[in-house]
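Report on one structure; see the data block that follows.
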There are 6 protein chains.
Amino acid sequence: MIFVTRKSHFNAAHRLYNPEKSDEWNYRVYGKCSHPNWHGHNYTLEVVVAGEPNPETGYVIDLGKLKQIIEKVIIQRCDHKNLNLDVSFLQGVIPTTENLVEAFFNELKEPVEDAASDGALLYAVKLYETERNFAEYCPYSRI
Amino acid sequence: MIFVTRKSHFNAAHRLYNPEKSDEWNYRVYGKCSHPNWHGHNYTLEVVVAGEPNPETGYVIDLGKLKQIIEKVIIQRCDHKNLNLDVSFLQGVIPTTENLVEAFFNELKEPVEDAASDGALLYAVKLYETERNFAEYCPYSRI
Amino acid sequence: MIFVTRKSHFNAAHRLYNPEKSDEWNYRVYGKCSHPNWHGHNYTLEVVVAGEPNPETGYVIDLGKLKQIIEKVIIQRCDHKNLNLDVSFLQGVIPTTENLVEAFFNELKEPVEDAASDGALLYAVKLYETERNFAEYCPYSRI
Amino acid sequence: MIFVTRKSHFNAAHRLYNPEKSDEWNYRVYGKCSHPNWHGHNYTLEVVVAGEPNPETGYVIDLGKLKQIIEKVIIQRCDHKNLNLDVSFLQGVIPTTENLVEAFFNELKEPVEDAASDGALLYAVKLYETERNFAEYCPYSRI
Amino acid sequence: MIFVTRKSHFNAAHRLYNPEKSDEWNYRVYGKCSHPNWHGHNYTLEVVVAGEPNPETGYVIDLGKLKQIIEKVIIQRCDHKNLNLDVSFLQGVIPTTENLVEAFFNELKEPVEDAASDGALLYAVKLYETERNFAEYCPYSRI
Amino acid sequence: MIFVTRKSHFNAAHRLYNPEKSDEWNYRVYGKCSHPNWHGHNYTLEVVVAGEPNPETGYVIDLGKLKQIIEKVIIQRCDHKNLNLDVSFLQGVIPTTENLVEAFFNELKEPVEDAASDGALLYAVKLYETERNFAEYCPYSRI
């Protein structure tokens with residue numbers, strides 16, 4: 001089993017806010033991350049595909065094609081956008097790193113697996129909100 | 001002459017927008033950076049102090065004190081904030097990296113030089129908007 | 001299953017030395033790492049928590065709280081300290097990266113899991129002694 | 001179970017080219033990566049060993065010895081070389097990152113496990129072709 | 001005076017070889033860097049423009065335009081190429097980092113200054129051959 | 001004028017302590033950095049040489065030779081050592097980053113300039129105590 005990863009970047013605004021709760025609840029839970037005028041991040045996204053290399057090409061997936069899929073599915077919809085307001089597939093999602101990484105995985109699964117070698121799988125998606133805070137979603141990990 | 005640098009980080013929202021111009025002008029000049037719902041960045045700030053080390057301490061400036069000054073003067077006012085709306089000393093400033101770095105220098109000059117060794121100067125301020133785009137203000141550089 | 005990580009830093013002195021062995025044995029096994037006047041490192045620590053996000057907050061664990069726990073349990077006891085002499089929970093431990101990472105995991109497990117969402121677990125602790133040498137302890141990994 | 005990693009670097013030329021296929025096929029599949037005059041990379045290699053620390057030394061493997069093994073087995077044969085032309089164990093291998101990482105694992109397995117503590121295993125090999133494109137081979141991972 | 005920088009990347013093959021000298025001379029001077037089958041690097045290029053921000057835009061230069069100029073003038077001609085064989089403006093140049101950085105500066109000067117604000121100058125070009133070896137050309141620096 | 005830089009690393013223990021002052025003075029000035037049982041750092045050292053490339057070699061200085069000089073003059077004397085106790089040329093020097101960088105410059109000047117092309121100079125030495133705190137000594141900079 002070989003894991004190939006492509007790293008991408010985008011810059012976005014967001015705030016952490018649960019609209020079903022009061023402002024006090026949100027400030028108590030999220031602190032400065034709930035600031036109503038927004039803040040933002042340079043997000044770094046890693047997309048991991050697992051599979052066996054195609055014997056003719058030596059590729060699990062053409063990383064140039066993977067780059068284009070990430071560009072189309074995630075970057076063009078999130079880069080220089082407001083993650084609470086502008087992104088259709090994030091409507092109703094509180095944009096914590098945990099929730100973003102799962103939503104990105106679900107958007108990427110079908111187009112990535114269509115472009116990969118036979119039997120290859122989207123294995124994990126990792127998102128860095130800052131260099132020090134990051135989350136990974138991997139449905140195949142078990143404890 | 002010795003140059004000491006302290007690096008800090010903050011996360012903020014902004015947009016590039018000149019309110020004296022039309023929306024078309026702004027979109028033509030700034031493109032996606034003028035997106036009305038904001039976007040944001042993990043900013044990295046470097047503050048450079050130049051001078052001779054104090055012979056008793058070996059310090060041009062105590063970098064712990066420099067950290068506190070940067071924290072008070074810049075980070076607490078900009079971190080998890082909107083640079084167009086929330087920061088008093090940036091009112092009327094289009095928040096390009098070029099303009100930010102000059103504004104930060106002017107805020108930092110007096111408190112930094114008060115804390116440094118005799119004759120030491122705030123020499124430069126460098127700001128990374130992304131790992132690939134950054135600006136430096138250094139009034140002592142000449143061409 | 002989502003994995004969230006918080007990265008922290010501390011600076012410490014240490015030497016590799018097994019007091020039950022002779023100085024020759026130590027020098028033969030550890031070389032310059034057994035230097036009696038100590039050496040030191042900028043350690044980078046990554047703490048990984050695994051779980052499901054709390055549906056109200058979107059958090060597996062509040063990374064601000066995780067930062068405070070790491071600060072209290074590890075950083076305040078190890079930063080600017082001597083790992084052989086000064087740290088109570090490292091008494092009798094040869095401070096190789098392998099041994100440190102397991103000791104840190106054991107110190108962090110209870111307070112981290114108390115602060116995480118229901119059912120979340122301290123999953124792994126990773127420690128970089130240098131950018132090129134690092135160790136990870138993950139009791140849930142199997143071969 | 002503890003995982004220790006040593007990171008190394010080498011610089012090499014290569015091209016992606018399947019000699020059993022036409023030049024058109026190669027250009028269609030590999031694009032600029034099949035450029036006949038070669039291109040090259042600064043490769044970063046991570047070698048991961050899994051095991052229990054030896055109780056006398058606190059080491060899963062002496063990372064100094066691991067460094068020497070990587071140097072002898074991989075770096076001296078690949079650094080400042082052409083991966084298509086110069087490396088005996090890569091004859092017949094299309095040098096995609098996927099294929100390289102599996103070939104490196106196979107070369108490293110025996111000497112690394114001979115040098116590690118009892119029962120320790122070469123667990124994974126990770127290779128960065130660029131900061132944004134990398135592959136990992138881990139025969140113990142299952143989906 | 002404000003300095004703005006844009007960082008870019010390309011991957012290329014090269015060898016260090018002075019064709020006016022014997023193979024022995026080349027091997028003695030350049031060692032493994034003269035290997036006849038080439039080697040290669042992930043080059044990182046930083047382009048620095050100095051000037052005053054345009055008061056209407058807040059830009060010394062639109063970094064999006066600067067990116068396009070670097071792409072057209074340097075990246076498209078050097079990326080996935082052989083620097084000894086494929087690049088017209090490097091004919092007759094021994095591709096040391098020192099020589100490359102001066103050649104890149106000369107190619108970039110006119111198009112960059114045409115795109116910058118009034119009076120702004122191409123100030124410096126910095127090229128990293130590896131993370132540990134790099135060169136900078138700055139015709140305005142004096143000793 | 002071209003500036004070439006070589007980056008190196010070493011790991012050392014130190015404490016900040018002025019032996020001509022009382023323990024209270026030292027603790028008040030240096031805080032945890034004066035801890036009597038030492039602490040340590042992974043230091044990163046950058047050595048900058050300025051000059052014109054030799055027309056036959058294209059080198060301001062052979063970076064392989066520069067690496068060897070840094071290794072001999074600085075790394076072998078400081079790596080895995082105690083900077084307060086073990087290094088002859090640092091006797092009587094309080095090992096702040098400011099003082100270290102000037103001492104390193106003075107040790108390197110003669111051997112580096114002997115190895116460089118005609119007229120080339122050791123231009124600057126930069127030392128990172130941590131990724132966030134660093135100092136540069138450049139006797140040719142003027143304000």
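Labeling convention for the structure tokens: chains A, B, ... as they appear, residues from 1 per chain, ligands from 1 in order of appearance.
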
Quick one: residues within 6 Å of Asn11 of chain B, only C-alpha atoms, excluding same-chain residues fewer than 3 positions away - as a list in words? Gly40 and His41 of chain A; His41, Asn42, Tyr43, Asp79 and His80 of chain B

Written selection (C-alpha atoms) as a PDB file, in the first residue's frame:
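Below is the file out.pdb, written as the result:
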```
ATOM      1  CA  GLY A  40      -8.918  34.532   8.812  1.00  0.00           C
ATOM      2  CA  HIS A  41      -6.198  32.057   8.070  1.00  0.00           C
TER       3      HIS A  41
ATOM      4  CA  HIS B  41      -4.359  35.367   6.637  1.00  0.00           C
ATOM      5  CA  ASN B  42      -1.965  33.954   9.203  1.00  0.00           C
ATOM      6  CA  TYR B  43       0.380  36.918   9.337  1.00  0.00           C
ATOM      7  CA  ASP B  79      -5.108  39.143  16.263  1.00  0.00           C
ATOM      8  CA  HIS B  80      -8.510  37.622  15.480  1.00  0.00           C
TER       9      HIS B  80
END
```

Out of segment 29-137 of chain D, which residues get strand (DSSP E or B) from DSSP, as an mmCIF file with C-alpha atoms, in the first residue's frame?
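The result, written out as out.cif:
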```cif
data_model
loop_
_atom_site.group_PDB
_atom_site.id
_atom_site.type_symbol
_atom_site.label_atom_id
_atom_site.label_comp_id
_atom_site.auth_asym_id
_atom_site.auth_seq_id
_atom_site.Cartn_x
_atom_site.Cartn_y
_atom_site.Cartn_z
ATOM 1 C CA HIS D 39 15.048 17.749 -14.657
ATOM 2 C CA GLY D 40 15.759 17.240 -10.943
ATOM 3 C CA HIS D 41 14.771 17.602 -7.347
ATOM 4 C CA ASN D 42 15.990 18.092 -3.797
ATOM 5 C CA TYR D 43 14.548 14.887 -2.362
ATOM 6 C CA THR D 44 13.782 14.593 1.362
ATOM 7 C CA LEU D 45 13.718 11.045 2.715
ATOM 8 C CA GLU D 46 12.213 9.951 6.028
ATOM 9 C CA VAL D 47 12.906 6.471 7.375
ATOM 10 C CA VAL D 48 10.633 5.216 10.186
ATOM 11 C CA VAL D 49 11.581 2.360 12.531
ATOM 12 C CA ALA D 50 9.016 0.835 14.921
ATOM 13 C CA GLY D 51 9.779 -1.060 18.101
ATOM 14 C CA LYS D 81 23.156 11.122 -9.632
ATOM 15 C CA ASN D 82 20.665 10.447 -12.430
ATOM 16 C CA LEU D 121 11.022 -3.253 12.197
ATOM 17 C CA LEU D 122 11.557 -0.893 9.303
ATOM 18 C CA TYR D 123 8.024 0.496 9.375
ATOM 19 C CA ALA D 124 7.749 3.066 6.590
ATOM 20 C CA VAL D 125 9.710 5.130 4.097
ATOM 21 C CA LYS D 126 8.465 8.561 3.034
ATOM 22 C CA LEU D 127 9.905 10.552 0.148
ATOM 23 C CA TYR D 128 9.219 14.206 -0.691
ATOM 24 C CA ASN D 133 4.272 16.158 -3.538
ATOM 25 C CA PHE D 134 5.254 13.111 -1.508
ATOM 26 C CA ALA D 135 4.697 9.385 -1.145
ATOM 27 C CA GLU D 136 4.912 6.899 1.730
ATOM 28 C CA TYR D 137 5.325 3.144 1.614
#
```

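Relative to atom CA of Phe3 of chain A, atom CA of Thr130 of chain C is found at 25.0 Å.
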
Define the interface residues of chain F facing chain B as those within 12 Å, counting only C-alpha atoms, and report them as a ChimeraX atom specification. /F:16-21,25-34,92-103,105,124-143

I'd like the interatomic distance between atom CA of Asn106 of chain F and atom CA of His14 of chain F, to a tenth of an Å.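 Separation between atom CA of Asn106 of chain F and atom CA of His14 of chain F: 20.2 Å.
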
For a test of reading the model, state the distance in Å between atom CA of Leu85 of chain B and atom CA of Glu24 of chain A, rounded to one decimal. 22.0 Å

Would you please extract all alpha helix (DSSP H) residues from chain C, as assigned by DSSP on the backbone, and give them as a ChimeraX atom specification? /C:23-30,63-70,76-78,97-115
